file data12.txt (compact mmCIF, C-alpha atoms)
# COMPACT_ATOMS: atom_id res chain seq x y z
CA ALA A 259 24.29 -3.84 19.54
CA TYR A 260 22.98 -6.99 21.16
CA THR A 261 20.99 -7.29 24.38
CA PRO A 262 20.60 -10.88 25.61
CA PRO A 263 17.01 -12.06 26.11
CA ASP A 264 15.53 -11.52 29.56
CA ARG A 265 11.91 -11.50 30.71
CA SER A 266 12.25 -8.50 33.00
CA ARG A 267 10.60 -5.13 32.51
CA ASN A 268 13.99 -3.51 33.10
CA ARG A 269 15.42 -5.30 30.05
CA VAL A 270 12.74 -3.69 27.86
CA LEU A 271 13.63 -0.24 29.20
CA VAL A 272 17.36 -0.82 28.73
CA THR A 273 16.81 -2.06 25.19
CA MET A 274 14.57 0.90 24.29
CA ALA A 275 17.14 3.35 25.70
CA GLN A 276 19.81 1.60 23.63
CA VAL A 277 17.70 1.86 20.47
CA MET A 278 16.86 5.53 21.06
CA GLY A 279 20.54 6.36 21.69
CA THR A 280 21.80 4.77 18.48
CA GLU A 281 23.56 7.23 16.19
CA PHE A 282 23.51 6.99 12.41
CA GLN A 283 26.93 6.00 11.13
CA GLY A 284 26.70 7.25 7.57
CA LYS A 285 26.09 3.74 6.25
CA GLY A 286 23.04 2.21 4.66
CA SER A 287 20.79 0.14 6.89
CA GLN A 288 20.74 -3.63 6.64
CA LEU A 289 18.64 -6.12 8.57
CA LEU A 290 20.32 -9.22 7.17
CA PRO A 291 23.43 -9.17 9.43
CA ALA A 292 21.28 -8.71 12.54
CA LEU A 293 18.90 -11.52 11.59
CA GLU A 294 21.78 -13.85 10.72
CA PHE A 295 23.38 -13.04 14.08
CA LEU A 296 20.14 -13.98 15.85
CA GLU A 297 19.96 -17.25 13.90
CA LYS A 298 23.37 -18.22 15.28
CA THR A 299 22.94 -16.78 18.78
CA LEU A 300 19.44 -17.69 19.97
CA LYS A 301 19.32 -21.16 21.49
CA THR A 302 15.71 -21.09 22.70
CA ARG A 303 12.51 -19.96 21.02
CA SER A 304 12.17 -16.21 21.35
CA ILE A 305 9.98 -13.28 20.43
CA ILE A 306 11.85 -11.08 17.97
CA ILE A 307 10.54 -7.58 17.30
CA VAL A 308 12.01 -5.90 14.23
CA ILE A 309 11.52 -2.12 14.30
CA SER A 310 12.43 -0.49 11.00
CA ASP A 311 11.34 1.61 8.05
CA PHE A 312 12.29 -1.52 6.04
CA ILE A 313 13.98 0.54 3.35
CA VAL A 314 16.76 -2.03 3.33
CA PRO A 315 18.23 -4.74 1.09
CA ASP A 316 16.37 -8.06 0.94
CA PHE A 317 16.30 -10.05 4.18
CA THR A 318 13.49 -12.54 3.46
CA ASP A 319 15.50 -15.78 3.49
CA SER A 320 16.95 -15.12 6.92
CA PHE A 321 13.54 -13.92 8.15
CA ARG A 322 11.92 -17.17 7.01
CA ARG A 323 14.55 -19.30 8.76
CA LEU A 324 14.14 -17.32 11.99
CA ALA A 325 10.34 -17.54 11.79
CA LYS A 326 10.46 -21.35 11.80
CA ARG A 327 11.83 -21.38 15.37
CA ASN A 328 10.74 -18.01 16.76
CA GLU A 329 7.83 -15.61 16.98
CA LEU A 330 8.48 -12.53 14.84
CA ILE A 331 6.80 -9.14 14.84
CA LEU A 332 7.49 -6.52 12.17
CA LEU A 333 6.89 -2.93 13.32
CA HIS A 334 6.97 -0.83 10.17
CA CYS A 335 7.62 2.81 11.12
CA TYR A 336 7.06 5.59 8.60
CA ASP A 337 5.78 9.13 8.28
CA ASP A 338 3.24 10.66 5.92
CA ALA A 339 5.97 12.21 3.74
CA GLU A 340 7.19 8.67 2.92
CA ARG A 341 3.72 8.01 1.55
CA GLY A 342 3.78 11.24 -0.47
CA LEU A 343 1.19 12.85 1.81
CA GLY A 344 1.07 16.12 3.69
CA ILE A 345 4.01 17.71 1.92
CA LYS A 346 3.98 20.17 -0.98
CA GLY A 347 6.54 22.21 -2.83
CA VAL A 348 10.27 21.72 -3.30
CA HIS A 349 12.16 20.41 -0.29
CA GLU A 350 15.77 19.63 0.42
CA VAL A 351 15.84 16.11 1.84
CA TYR A 352 18.74 14.75 3.90
CA ASP A 353 19.50 11.03 4.09
CA PRO A 354 21.37 10.44 7.37
CA GLU A 355 22.52 6.99 6.24
CA THR A 356 24.29 8.13 3.11
CA GLN A 357 24.82 11.70 4.35
CA THR A 358 23.55 13.12 1.05
CA PHE A 359 21.07 15.87 0.18
CA GLN A 360 18.54 15.87 -2.65
CA LEU A 361 15.94 18.32 -3.88
CA LEU A 362 12.50 16.77 -4.29
CA ASP A 363 9.54 18.52 -5.91
CA PHE A 364 6.44 17.28 -4.10
CA SER A 365 4.27 19.53 -6.28
CA ASN A 366 5.08 17.21 -9.16
CA PRO A 367 2.49 14.40 -9.34
CA LYS A 368 5.20 11.96 -10.47
CA THR A 369 7.11 12.49 -7.21
CA HIS A 370 3.96 12.10 -5.13
CA ASN A 371 2.93 8.95 -7.04
CA ALA A 372 6.42 7.42 -6.82
CA PHE A 373 6.46 7.80 -3.03
CA ALA A 374 2.88 6.53 -2.64
CA THR A 375 3.48 3.54 -4.92
CA TYR A 376 6.75 2.58 -3.25
CA HIS A 377 5.20 2.74 0.23
CA LEU A 378 2.14 0.74 -0.82
CA GLU A 379 4.26 -1.97 -2.46
CA LEU A 380 6.61 -2.16 0.54
CA SER A 381 3.70 -2.43 3.00
CA HIS A 382 2.08 -5.17 0.91
CA LYS A 383 5.37 -7.08 0.65
CA LEU A 384 5.91 -6.92 4.43
CA GLU A 385 2.35 -7.93 5.23
CA THR A 386 2.58 -10.89 2.84
CA LEU A 387 5.95 -11.95 4.27
CA ALA A 388 4.52 -11.84 7.78
CA LYS A 389 1.40 -13.84 6.88
CA GLU A 390 3.35 -16.51 5.00
CA ASN A 391 5.58 -17.03 8.03
CA LEU A 392 2.94 -16.81 10.78
CA ALA A 393 4.46 -13.52 11.95
CA ASP A 394 2.74 -10.28 12.88
CA TYR A 395 2.94 -7.03 10.92
CA LEU A 396 2.01 -3.64 12.35
CA PRO A 397 2.41 -0.49 10.23
CA LEU A 398 2.94 2.57 12.45
CA SER A 399 2.81 6.13 11.17
CA ILE A 400 4.49 8.67 13.43
CA GLU A 401 1.49 10.92 12.75
CA ASP A 402 -0.79 8.35 14.46
CA ASP A 403 -1.16 7.77 18.16
CA TYR A 404 1.39 4.98 17.80
CA LEU A 405 1.69 4.32 21.54
CA HIS A 406 -2.05 3.62 21.74
CA ARG A 407 -1.84 1.43 18.61
CA LEU A 408 1.07 -0.55 20.08
CA ILE A 409 -0.76 -1.15 23.35
CA SER A 410 -3.93 -2.21 21.49
CA PHE A 411 -1.90 -4.48 19.20
CA PHE A 412 -0.18 -6.33 22.03
CA ARG A 413 -3.39 -6.63 24.04
CA SER A 414 -5.38 -7.96 21.07
CA ARG A 415 -2.80 -10.53 20.01
CA GLY A 416 -2.74 -12.10 23.46
CA PRO A 417 0.15 -13.94 25.08
CA ALA A 418 3.23 -15.15 23.27
CA ARG A 419 2.61 -18.07 20.93
CA ILE A 420 5.99 -19.70 21.35

call {"tool": "encode", "arguments": {"input": "data12.txt", "output": "structure tokens"}}
result
Amino acid sequence: AYTPPDRSRNRVLVTMAQVMGTEFQGKGSQLLPALEFLEKTLKTRSIIIVISDFIVPDFTDSFRRLAKRNELILLHCYDDAERGLGIKGVHEVYDPETQTFQLLDFSNPKTHNAFATYHLELSHKLETLAKENLADYLPLSIEDDYLHRLISFFRSRGPARI
């Protein structure tokens, strides 16, 4: 879905309601089509906030092109289970994108380490991508007080730089 840019507070609320109402469609996530769409659509410099778990195919080339003309913010949302924390035992895990189930043994150190390593590498990659392109990166765990962190983040970064 696309919501044209607008500086009103109402636009933010409409956009957030649209995001919260989005249903999974049984397909894998991809950022590339959305970023390519923005490249073609946006005529003026804009602030682009990408909210994702970033478990998606590569999108760096399009991100770099967008970052040359726009201000980008990556909000990386995750939970502790994605980092291999706070979960023990065998669990049935459902992937709403592929509509598949898997059994994962979180008592096995290999499973825990694989999740922790993947999350650490992904976070590092996103932070590096943001820095190289003068973008912002904010990792947000759903176990944190993410609303407070978002407010602090936007207050500390000051006004738009575009």

call {"tool": "atom_distance", "arguments": {"input": "data12.txt", "atom1": "atom CA of Ile307 of chain A", "atom2": "atom CA of Leu343 of chain A"}}
result
27.3 Å

call {"tool": "closest_residue", "arguments": {"input": "data12.txt", "among": "A:Asp338, A:Asp394, A:Asp353, A:Glu379", "to": "Val308 of chain A", "atoms": "all atoms listed in the file"}}
result
A:Asp394

call {"tool": "residues_around", "arguments": {"input": "data12.txt", "residues": "Ile305 of chain A", "least_positions_apart": "4", "cutoff": "12 Å", "atoms": "only C-alpha atoms", "output": "tab-separated table (two decimals) with C-alpha atoms, in the frame of the given file"}}
result
chain	number	residue	atom	x	y	z
A	263	PRO	CA	17.01	-12.06	26.11
A	264	ASP	CA	15.53	-11.52	29.56
A	265	ARG	CA	11.91	-11.50	30.71
A	296	LEU	CA	20.14	-13.98	15.85
A	300	LEU	CA	19.44	-17.69	19.97
A	324	LEU	CA	14.14	-17.32	11.99
A	325	ALA	CA	10.34	-17.54	11.79
A	326	LYS	CA	10.46	-21.35	11.80
A	327	ARG	CA	11.83	-21.38	15.37
A	328	ASN	CA	10.74	-18.01	16.76
A	329	GLU	CA	7.83	-15.61	16.98
A	330	LEU	CA	8.48	-12.53	14.84
A	331	ILE	CA	6.80	-9.14	14.84
A	332	LEU	CA	7.49	-6.52	12.17
A	393	ALA	CA	4.46	-13.52	11.95
A	394	ASP	CA	2.74	-10.28	12.88
A	417	PRO	CA	0.15	-13.94	25.08
A	418	ALA	CA	3.23	-15.15	23.27
A	419	ARG	CA	2.61	-18.07	20.93
A	420	ILE	CA	5.99	-19.70	21.35

call {"tool": "atom_distance", "arguments": {"input": "data12.txt", "atom1": "atom CA of Pro315 of chain A", "atom2": "atom CA of Pro291 of chain A"}}
result
10.8 Å

call {"tool": "atom_distance", "arguments": {"input": "data12.txt", "atom1": "atom CA of Lys389 of chain A", "atom2": "atom CA of Phe411 of chain A"}}
result
15.8 Å

call {"tool": "residues_around", "arguments": {"input": "data12.txt", "residues": "segment 362-375 of chain A", "least_positions_apart": "5", "cutoff": "10 Å", "atoms": "all atoms listed in the file", "output": "count of residues only"}}
result
16

call {"tool": "closest_atom_pairs", "arguments": {"input": "data12.txt", "of": "segment 295-383 of chain A", "to": "segment 278-281 of chain A", "cutoff": "12 Å", "atoms": "only C-alpha atoms", "output": "JSON lines"}}
result
{"residue": "A:Ile309", "atom": "CA", "partner": "A:Met278", "partner_atom": "CA", "distance": 11.5}
{"residue": "A:Pro354", "atom": "CA", "partner": "A:Glu281", "partner_atom": "CA", "distance": 9.6}
{"residue": "A:Glu355", "atom": "CA", "partner": "A:Glu281", "partner_atom": "CA", "distance": 10.0}

call {"tool": "residues_around", "arguments": {"input": "data12.txt", "residues": "segment 382-385 of chain A", "least_positions_apart": "5", "cutoff": "12 Å", "atoms": "only C-alpha atoms", "output": "compact mmCIF listing (two decimals) with C-alpha atoms, keeping the file's coordinate frame"}}
result
# COMPACT_ATOMS: atom_id res chain seq x y z
CA VAL A 308 12.01 -5.90 14.23
CA SER A 310 12.43 -0.49 11.00
CA ASP A 311 11.34 1.61 8.05
CA PHE A 312 12.29 -1.52 6.04
CA ILE A 313 13.98 0.54 3.35
CA VAL A 314 16.76 -2.03 3.33
CA ASP A 316 16.37 -8.06 0.94
CA PHE A 317 16.30 -10.05 4.18
CA THR A 318 13.49 -12.54 3.46
CA PHE A 321 13.54 -13.92 8.15
CA ILE A 331 6.80 -9.14 14.84
CA LEU A 332 7.49 -6.52 12.17
CA LEU A 333 6.89 -2.93 13.32
CA HIS A 334 6.97 -0.83 10.17
CA CYS A 335 7.62 2.81 11.12
CA THR A 375 3.48 3.54 -4.92
CA TYR A 376 6.75 2.58 -3.25
CA HIS A 377 5.20 2.74 0.23
CA GLU A 390 3.35 -16.51 5.00
CA ASN A 391 5.58 -17.03 8.03
CA LEU A 392 2.94 -16.81 10.78
CA ALA A 393 4.46 -13.52 11.95
CA ASP A 394 2.74 -10.28 12.88
CA TYR A 395 2.94 -7.03 10.92
CA LEU A 396 2.01 -3.64 12.35
CA PRO A 397 2.41 -0.49 10.23

call {"tool": "build_atoms", "arguments": {"input": "data12.txt", "residues": "segment 313-344 of chain A", "atoms": "N, CA and C atoms", "output": "compact mmCIF listing (two decimals), in the frame of the given file"}}
result
# COMPACT_ATOMS: atom_id res chain seq x y z
N ILE A 313 13.37 0.09 4.60
CA ILE A 313 13.98 0.54 3.35
C ILE A 313 15.41 0.01 3.40
N VAL A 314 15.51 -1.29 3.15
CA VAL A 314 16.76 -2.03 3.33
C VAL A 314 16.88 -3.09 2.23
N PRO A 315 18.09 -3.61 2.02
CA PRO A 315 18.23 -4.74 1.09
C PRO A 315 17.43 -5.96 1.57
N ASP A 316 17.19 -6.88 0.67
CA ASP A 316 16.37 -8.06 0.94
C ASP A 316 16.89 -8.86 2.14
N PHE A 317 15.96 -9.28 2.99
CA PHE A 317 16.30 -10.05 4.18
C PHE A 317 15.36 -11.25 4.34
N THR A 318 14.56 -11.56 3.31
CA THR A 318 13.49 -12.54 3.46
C THR A 318 13.96 -13.95 3.79
N ASP A 319 15.06 -14.41 3.22
CA ASP A 319 15.50 -15.78 3.49
C ASP A 319 15.84 -15.97 4.97
N SER A 320 16.58 -15.05 5.51
CA SER A 320 16.95 -15.12 6.92
C SER A 320 15.71 -14.98 7.81
N PHE A 321 14.79 -14.10 7.41
CA PHE A 321 13.54 -13.92 8.15
C PHE A 321 12.77 -15.23 8.21
N ARG A 322 12.66 -15.89 7.07
CA ARG A 322 11.92 -17.17 7.01
C ARG A 322 12.55 -18.23 7.92
N ARG A 323 13.87 -18.31 7.90
CA ARG A 323 14.55 -19.30 8.76
C ARG A 323 14.30 -18.98 10.24
N LEU A 324 14.39 -17.71 10.60
CA LEU A 324 14.14 -17.32 11.99
C LEU A 324 12.69 -17.61 12.40
N ALA A 325 11.76 -17.36 11.49
CA ALA A 325 10.34 -17.54 11.79
C ALA A 325 9.97 -18.99 12.06
N LYS A 326 10.76 -19.93 11.56
CA LYS A 326 10.46 -21.35 11.80
C LYS A 326 10.64 -21.73 13.27
N ARG A 327 11.53 -21.02 13.98
CA ARG A 327 11.83 -21.38 15.37
C ARG A 327 11.45 -20.30 16.36
N ASN A 328 10.99 -19.14 15.88
CA ASN A 328 10.74 -18.01 16.76
C ASN A 328 9.45 -17.31 16.37
N GLU A 329 9.00 -16.44 17.25
CA GLU A 329 7.83 -15.61 16.98
C GLU A 329 8.36 -14.23 16.56
N LEU A 330 7.99 -13.80 15.36
CA LEU A 330 8.48 -12.53 14.84
C LEU A 330 7.36 -11.50 14.69
N ILE A 331 7.72 -10.26 14.98
CA ILE A 331 6.80 -9.14 14.84
C ILE A 331 7.54 -8.05 14.06
N LEU A 332 6.93 -7.60 12.96
CA LEU A 332 7.49 -6.52 12.17
C LEU A 332 6.75 -5.23 12.51
N LEU A 333 7.46 -4.25 13.06
CA LEU A 333 6.89 -2.93 13.32
C LEU A 333 7.43 -1.99 12.26
N HIS A 334 6.58 -1.66 11.32
CA HIS A 334 6.97 -0.83 10.17
C HIS A 334 6.69 0.64 10.49
N CYS A 335 7.74 1.40 10.74
CA CYS A 335 7.62 2.81 11.12
C CYS A 335 7.84 3.70 9.91
N TYR A 336 6.96 4.67 9.73
CA TYR A 336 7.06 5.59 8.60
C TYR A 336 6.35 6.89 8.95
N ASP A 337 6.54 7.90 8.12
CA ASP A 337 5.78 9.13 8.28
C ASP A 337 5.00 9.41 7.00
N ASP A 338 4.10 10.38 7.07
CA ASP A 338 3.24 10.66 5.92
C ASP A 338 4.03 11.10 4.69
N ALA A 339 5.15 11.77 4.88
CA ALA A 339 5.97 12.21 3.74
C ALA A 339 6.46 11.00 2.94
N GLU A 340 6.74 9.88 3.62
CA GLU A 340 7.19 8.67 2.92
C GLU A 340 6.09 8.10 2.04
N ARG A 341 4.84 8.46 2.36
CA ARG A 341 3.72 8.01 1.55
C ARG A 341 3.33 9.06 0.51
N GLY A 342 4.08 10.16 0.47
CA GLY A 342 3.78 11.24 -0.47
C GLY A 342 2.64 12.11 -0.01
N LEU A 343 2.31 12.08 1.28
CA LEU A 343 1.19 12.85 1.81
C LEU A 343 1.66 14.01 2.69
N GLY A 344 0.84 15.03 2.75
CA GLY A 344 1.07 16.12 3.69
C GLY A 344 2.28 16.99 3.42
